[in-house]
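For reference, the structure discussed in these notes is given below.
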2 protein chains.
Amino acid sequence: MHNYIVRYLFVSKPISHIVHRTTNAPQRCAMSKKDEREPSTLDSMLCFTVYSTAHAFNRAYKPLLDALGLTYPQYLAMFALWERDDLSVKEMGELLHLDSGTLTPLLKRLEAVGLVKRARDTADERSVRIRLTPAGAALRLKENKVKQGILGACGVTPDDLKSLNAQLVRVRDSLNEHT
Amino acid sequence: MHNYIVRYLFVSKPISHIVHRTTNAPQRCAMSKKDEREPSTLDSMLCFTVYSTAHAFNRAYKPLLDALGLTYPQYLAMFALWERDDLSVKEMGELLHLDSGTLTPLLKRLEAVGLVKRARDTADERSVRIRLTPAGAALRLKENKVKQGILGACGVTPDDLKSLNAQLVRVRDSLNEHT
DNA sequence: TCCTATTTGATTGTTTACAATTAAATTGTA
DNA sequence: TACAATTTAATTGTAAACAATCAAATAGGA
């Protein structure tokens, strides 16, 4: 009957405070007014809007990128290389605002599926250069559908999108300066 | 000399294609024009701007939230509870646009440090209700400094911020509809 | 030259994030 | 009342994301 609790919830804890609890929490039926989806303050906070919009983009891209066998961060890495091949990890990190702890395993995955090649720079062996394989370069052709698909889902005119983007870039760069 | 390669890079792989590679990659000295920080197309893509701004917010919040002992997603969960205590996991998931696979471990961590309490709903044992502990409710008082600190770092007027936020909410909701 | 400081990426450990699956409880229906 | 369908979280596995640390290579200064 209480198998939920036994199996999942408090495996390594005494369950007495749950099973025997006698709290009389505010009844939800008595709060029906409040429950009628009062707009959350969270939605007025830019930080949260950006956070949740990033997830929304991620989810929107997922089905499109599944066709290419890429995750969204991997797509960004490939995009950077399509723009300019032969980047060091550091250079890619600057473009994507990511560090080596994130990029190293990501790039190893891209190498494992044959889209890029990682090689120490012969001139400076500290740096690792990332280059597209033919397969990685070829993937670019399939990529147009992805961008088109997302544009439609955004539900904004190209002009609005452009202005919105410019404003956000300012916020982002300001945040990065103050850190 | 090539210990880098031996230790880190290709532990489980033949290294011949690295050490013996004879590729003649485009020399960077010959590309100095291009290297002069030509603005990346990435910065014109809203999806990437949102993605990188989310990380920028995360990093900006980090030092402020460290003082409260919270991560940013944990802060959002606490914020939701400060607005309305006694949420089910599902309700919090709807507010934060997150699913149980993300929230369950996050909430367990908040419970472990004594900020919230998780308990099966006696009326419907499928759902788990999350409530603030006194310590969790008290933390709200320390939270004002956090918001102030971020506002300054954004570098926008409150009006611009409000309009920017409203536009992004529209994009987010449109993306969520189309998914 | 030698030796310290810096640069670069890899590693480790913790925390998100989500898809897919599973289990229990509840609801709906015959 | 039985029994299928739905709902709710938890779990598992994979992939980011980043702080802190480490190792090697290079650069710079005495």
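Ordered as shown in the structure tokens, chains take letters A, B, and onward, while each chain numbers its residues from 1 and ligands are numbered from 1 in the order shown.
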
At most 6 Å is the cut-off: for each residue in chain A with any atom that close to an atom of chain B, write down the nearest atom pair and the distance in Å rounded to one decimal, counting only C-alpha atoms, chain first then increasing number, as a Markdown table.
```
| residue | atom | partner | partner_atom | distance |
| --- | --- | --- | --- | --- |
| A:Ile18 | CA | B:Ala119 | CA | 6.0 |
| A:Leu46 | CA | B:Asn165 | CA | 5.4 |
| A:Val50 | CA | B:Ala54 | CA | 5.6 |
| A:Tyr51 | CA | B:Ala54 | CA | 5.3 |
| A:Thr53 | CA | B:Arg172 | CA | 4.9 |
| A:Ala54 | CA | B:Tyr51 | CA | 5.3 |
| A:Ala60 | CA | B:Thr179 | CA | 5.8 |
| A:Ala119 | CA | B:Ile18 | CA | 5.9 |
| A:Ala153 | CA | B:Leu175 | CA | 5.2 |
| A:Cys154 | CA | B:Val171 | CA | 5.2 |
| A:Gly155 | CA | B:Ser174 | CA | 5.8 |
| A:Asn165 | CA | B:Leu46 | CA | 5.4 |
| A:Val171 | CA | B:Cys154 | CA | 5.2 |
| A:Arg172 | CA | B:Thr53 | CA | 4.9 |
| A:Ser174 | CA | B:Cys154 | CA | 5.7 |
| A:Leu175 | CA | B:Ala153 | CA | 5.2 |
| A:His178 | CA | B:Ala153 | CA | 5.7 |
| A:Thr179 | CA | B:Ala60 | CA | 5.8 |
```

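Here is the contact set of chain D against chain B, at 7 Å and counting only C-alpha atoms (C1' of nucleotides): DT8, DA9 and DA24 of chain D.
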
Selected residues written out, N, CA and C atoms (P, O5', C5', C4', C3', O3' and C1' of nucleotides), as a compact mmCIF listing (two decimals), in the first residue's frame:
```txt
# COMPACT_ATOMS: atom_id res chain seq x y z
P DT D 8 -1.38 14.19 -12.40
O5' DT D 8 -0.13 13.63 -11.58
C5' DT D 8 -0.35 13.07 -10.30
C4' DT D 8 0.91 12.37 -9.85
C3' DT D 8 2.20 13.17 -10.04
O3' DT D 8 2.61 13.62 -8.77
C1' DT D 8 2.45 10.85 -10.61
P DA D 9 3.77 14.71 -8.59
O5' DA D 9 4.91 13.85 -7.94
C5' DA D 9 5.36 12.78 -8.62
C4' DA D 9 6.12 11.82 -7.74
C3' DA D 9 7.61 12.13 -7.65
O3' DA D 9 8.17 11.48 -6.53
C1' DA D 9 7.23 10.35 -9.18
P DA D 24 53.33 14.95 -17.22
O5' DA D 24 53.57 15.86 -18.50
C5' DA D 24 52.72 15.70 -19.61
C4' DA D 24 52.73 16.96 -20.41
C3' DA D 24 54.11 17.39 -20.89
O3' DA D 24 54.13 17.28 -22.30
C1' DA D 24 52.84 19.23 -20.05
```

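Coordinates place atom CA of Leu110 of chain B at a distance of 17.0 Å from atom CA of Glu91 of chain B.
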
key: Contacts of Met78 of chain A at 8 Å (only C-alpha atoms (C1' of nucleotides); same-chain gap of 4+ positions) as number ranges by chain   = A: 74, 82, 136

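Residue neighbourhood of segment 1-7 of chain C, excluding near-sequence residues (fewer than 2 positions): A:Arg126, D:DA25, D:DT26, D:DA27, D:DG28, D:DG29, at 9 Å, using only C-alpha atoms (C1' of nucleotides).
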
* To do: Would you kindly report the residues of chain C within 9 Å of chain B, using only C-alpha atoms (C1' of nucleotides), as a VMD selection string?
  => chain C and resid 10 to 11 15 to 18 24 to 26

For the residues in that selection, give me N, CA and C atoms (P, O5', C5', C4', C3', O3' and C1' of nucleotides) as a PDB file, in the first residue's frame.
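Dumped everything to out-v2.pdb:
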```
ATOM      1  P    DA C  10      41.872  18.044 -24.426  1.00  0.00           P
ATOM      2  O5'  DA C  10      42.210  17.429 -23.002  1.00  0.00           O
ATOM      3  C5'  DA C  10      43.419  16.702 -22.848  1.00  0.00           C
ATOM      4  C4'  DA C  10      43.453  16.048 -21.480  1.00  0.00           C
ATOM      5  C3'  DA C  10      42.220  15.200 -21.150  1.00  0.00           C
ATOM      6  O3'  DA C  10      42.656  13.993 -20.563  1.00  0.00           O
ATOM      7  C1'  DA C  10      42.505  16.899 -19.510  1.00  0.00           C
ATOM      8  P    DT C  11      41.610  12.899 -20.134  1.00  0.00           P
ATOM      9  O5'  DT C  11      41.414  13.189 -18.570  1.00  0.00           O
ATOM     10  C5'  DT C  11      42.552  13.229 -17.727  1.00  0.00           C
ATOM     11  C4'  DT C  11      42.118  13.514 -16.296  1.00  0.00           C
ATOM     12  C3'  DT C  11      40.885  12.730 -15.839  1.00  0.00           C
ATOM     13  O3'  DT C  11      41.239  12.025 -14.660  1.00  0.00           O
ATOM     14  C1'  DT C  11      40.655  15.029 -15.336  1.00  0.00           C
ATOM     15  P    DT C  15      26.157  18.106  -5.285  1.00  0.00           P
ATOM     16  O5'  DT C  15      25.461  18.751  -6.586  1.00  0.00           O
ATOM     17  C5'  DT C  15      25.790  20.065  -6.962  1.00  0.00           C
ATOM     18  C4'  DT C  15      25.161  20.406  -8.299  1.00  0.00           C
ATOM     19  C3'  DT C  15      23.669  20.034  -8.421  1.00  0.00           C
ATOM     20  O3'  DT C  15      22.953  21.161  -8.897  1.00  0.00           O
ATOM     21  C1'  DT C  15      24.879  19.261 -10.283  1.00  0.00           C
ATOM     22  P    DT C  16      21.364  21.351  -8.662  1.00  0.00           P
ATOM     23  O5'  DT C  16      20.497  20.976  -9.924  1.00  0.00           O
ATOM     24  C5'  DT C  16      20.945  20.351 -11.017  1.00  0.00           C
ATOM     25  C4'  DT C  16      21.165  21.299 -12.187  1.00  0.00           C
ATOM     26  C3'  DT C  16      19.995  21.393 -13.151  1.00  0.00           C
ATOM     27  O3'  DT C  16      20.197  22.491 -14.048  1.00  0.00           O
ATOM     28  C1'  DT C  16      21.621  19.939 -13.996  1.00  0.00           C
ATOM     29  P    DA C  17      19.015  22.979 -14.979  1.00  0.00           P
ATOM     30  O5'  DA C  17      18.778  21.716 -15.917  1.00  0.00           O
ATOM     31  C5'  DA C  17      18.696  21.860 -17.291  1.00  0.00           C
ATOM     32  C4'  DA C  17      18.449  20.531 -17.952  1.00  0.00           C
ATOM     33  C3'  DA C  17      17.008  20.027 -17.915  1.00  0.00           C
ATOM     34  O3'  DA C  17      16.432  20.326 -19.173  1.00  0.00           O
ATOM     35  C1'  DA C  17      18.612  18.259 -17.791  1.00  0.00           C
ATOM     36  P    DC C  18      14.903  19.973 -19.452  1.00  0.00           P
ATOM     37  O5'  DC C  18      14.950  18.504 -20.071  1.00  0.00           O
ATOM     38  C5'  DC C  18      15.668  18.292 -21.268  1.00  0.00           C
ATOM     39  C4'  DC C  18      15.748  16.811 -21.522  1.00  0.00           C
ATOM     40  C3'  DC C  18      14.387  16.093 -21.449  1.00  0.00           C
ATOM     41  O3'  DC C  18      14.265  15.253 -22.572  1.00  0.00           O
ATOM     42  C1'  DC C  18      15.952  14.957 -20.174  1.00  0.00           C
ATOM     43  P    DA C  24       5.383  -1.437  -6.669  1.00  0.00           P
ATOM     44  O5'  DA C  24       4.286  -0.390  -6.201  1.00  0.00           O
ATOM     45  C5'  DA C  24       4.723   0.773  -5.529  1.00  0.00           C
ATOM     46  C4'  DA C  24       3.698   1.848  -5.705  1.00  0.00           C
ATOM     47  C3'  DA C  24       2.290   1.458  -5.246  1.00  0.00           C
ATOM     48  O3'  DA C  24       2.000   2.246  -4.109  1.00  0.00           O
ATOM     49  C1'  DA C  24       2.273   2.616  -7.338  1.00  0.00           C
ATOM     50  P    DA C  25       0.586   2.091  -3.366  1.00  0.00           P
ATOM     51  O5'  DA C  25      -0.327   3.186  -4.069  1.00  0.00           O
ATOM     52  C5'  DA C  25       0.100   4.537  -4.009  1.00  0.00           C
ATOM     53  C4'  DA C  25      -0.869   5.386  -4.807  1.00  0.00           C
ATOM     54  C3'  DA C  25      -2.330   5.199  -4.422  1.00  0.00           C
ATOM     55  O3'  DA C  25      -2.857   6.474  -4.137  1.00  0.00           O
ATOM     56  C1'  DA C  25      -2.043   4.977  -6.770  1.00  0.00           C
ATOM     57  P    DT C  26      -4.379   6.629  -3.610  1.00  0.00           P
ATOM     58  O5'  DT C  26      -5.157   6.988  -4.947  1.00  0.00           O
ATOM     59  C5'  DT C  26      -4.747   8.120  -5.685  1.00  0.00           C
ATOM     60  C4'  DT C  26      -5.420   8.152  -7.031  1.00  0.00           C
ATOM     61  C3'  DT C  26      -6.952   8.122  -6.976  1.00  0.00           C
ATOM     62  O3'  DT C  26      -7.425   9.340  -7.517  1.00  0.00           O
ATOM     63  C1'  DT C  26      -6.078   6.690  -8.666  1.00  0.00           C
TER      64       DT C  26
END
```

Have a look at atom CA of Leu139 of chain A and atom CA of Leu68 of chain A and let me know their distance in Å, one decimal.
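Here the two named atoms are 7.5 Å from each other.
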
From atom C1' of DA19 of chain C to atom CA of Leu70 of chain A the spacing works out at 14.8 Å

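Residues of segment 47-165 of chain B assigned to strand (DSSP E) by DSSP on this structure's backbone: B:Leu87, B:Ser88, B:Val116, B:Lys117, B:Arg118, B:Ala119, B:Arg120, B:Val128, B:Arg129, B:Ile130, B:Arg131, B:Leu132.
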
* **All residues 9 Å or closer to segment 1-5 of chain D, only C-alpha atoms (C1' of nucleotides), same chain fewer than 5 positions away omitted, as a PyMOL selection string** => chain C and resi 27-29
